[in-house]
Amino acid sequence: MQSAMLLALRPGGRHSERGGRRRGELEEAEKGRMKRTIIKDWKKRLSYFLQNSSASSNVKANKGGKHHAYFRPSPEEARLWSEAFDELLANKYGLAAFRAFLKSEFCEENIEFWLACEDFKKTKSPQKLTSKAKKIYNDFIEKEAPKEINIDFQTKNTIAQNIQEATHTCFSAAQKRVYSLMENNSYPRFLESEFYQELCKKTPITRAAQGT
């Protein structure tokens with residue numbers, strides 16, 4: 001009884017205790033709402049990337065002008081992405097899903113830089129090699145570039161010198177650094193993400209039946 005009286009006499013008393021619990025409940029509810037919003041946005045982004053990544057190869061018009069449905073990765077295919085980072089990058093749906101994930105984390109510049117480097121290394125024309133090198137530098141390397149990647153000053157300096165006489169190895173050190181960052185940081189988080197777990201369980205969407 002004495003304890004109850006002391007609690008009642010304290011400033012705020014029981015009202016303060018209830019208010020604290022209420023605030024905690026509201027904070028938890030807000031966190032839950034934000035998580036649901038993020039997941040919903042995640043699904044929209046992934047759906048968009050899956051559609052675009054498959055548009056050029058998976059959509060064919062039949063005689064009536066109708067398009068077949070898009071393929072989506074089967075749960076078995078999606079599970080393969082967890083075996084190695086290269087497995088994920090080599091799969092167009094896996095790459096699309098990973099890009100969507102990086103976009104949700106506001107670090108899509110890493111995968112965009114890596115892809116730009118892959119394209120750069122396939123370039124045969126010396127003129128195109130030089131122009132692509134300058135574009136990659138302007139987009140990703142120079143200070144305050146629109147998609148600036150996180151690499152050290154020395155590597156940036158070396159690239160700035162190398163692109164004057166561009167070779168296929170201009171961005172090799174930076175690409176390895178970005179690959180390592182994605183493999184060790186973003187990739188594990190992607191595999192643990194709720195959407196990836198869902199993708200591994202869902203039944204794949206199949207192509208609409210074709211006429212014979």
# chains A, B, ... in the order shown; residues from 1 in each chain; ligands from 1

call {"tool": "residues_around", "arguments": {"residues": "stretch 143-152 of chain A", "least_positions_apart": "5", "cutoff": "12 Å", "atoms": "only C-alpha atoms", "output": "MDAnalysis selection string"}}
result
chainID A and resid 106:114 116 135:138 157:160 171 173:182

call {"tool": "closest_residue", "arguments": {"among": "A:Ser131, A:Ser74, A:Ser172, A:Thr167", "to": "A:Tyr196", "atoms": "only C-alpha atoms"}}
result
A:Ser74

call {"tool": "closest_residue", "arguments": {"among": "A:Gln164, A:Gln197, A:Asn91, A:Ser186", "to": "A:Lys103", "atoms": "only C-alpha atoms"}}
result
A:Ser186

call {"tool": "atom_distance", "arguments": {"atom1": "atom CA of A:Phe195", "atom2": "atom CA of A:Glu30"}}
result
20.3 Å

call {"tool": "atom_distance", "arguments": {"atom1": "atom CA of A:Ala84", "atom2": "atom CA of A:Glu194"}}
result
18.9 Å

call {"tool": "closest_residue", "arguments": {"among": "A:Leu95, A:Ala133, A:Asn185, A:Ala29", "to": "A:Ala166", "atoms": "only C-alpha atoms"}}
result
A:Ala133
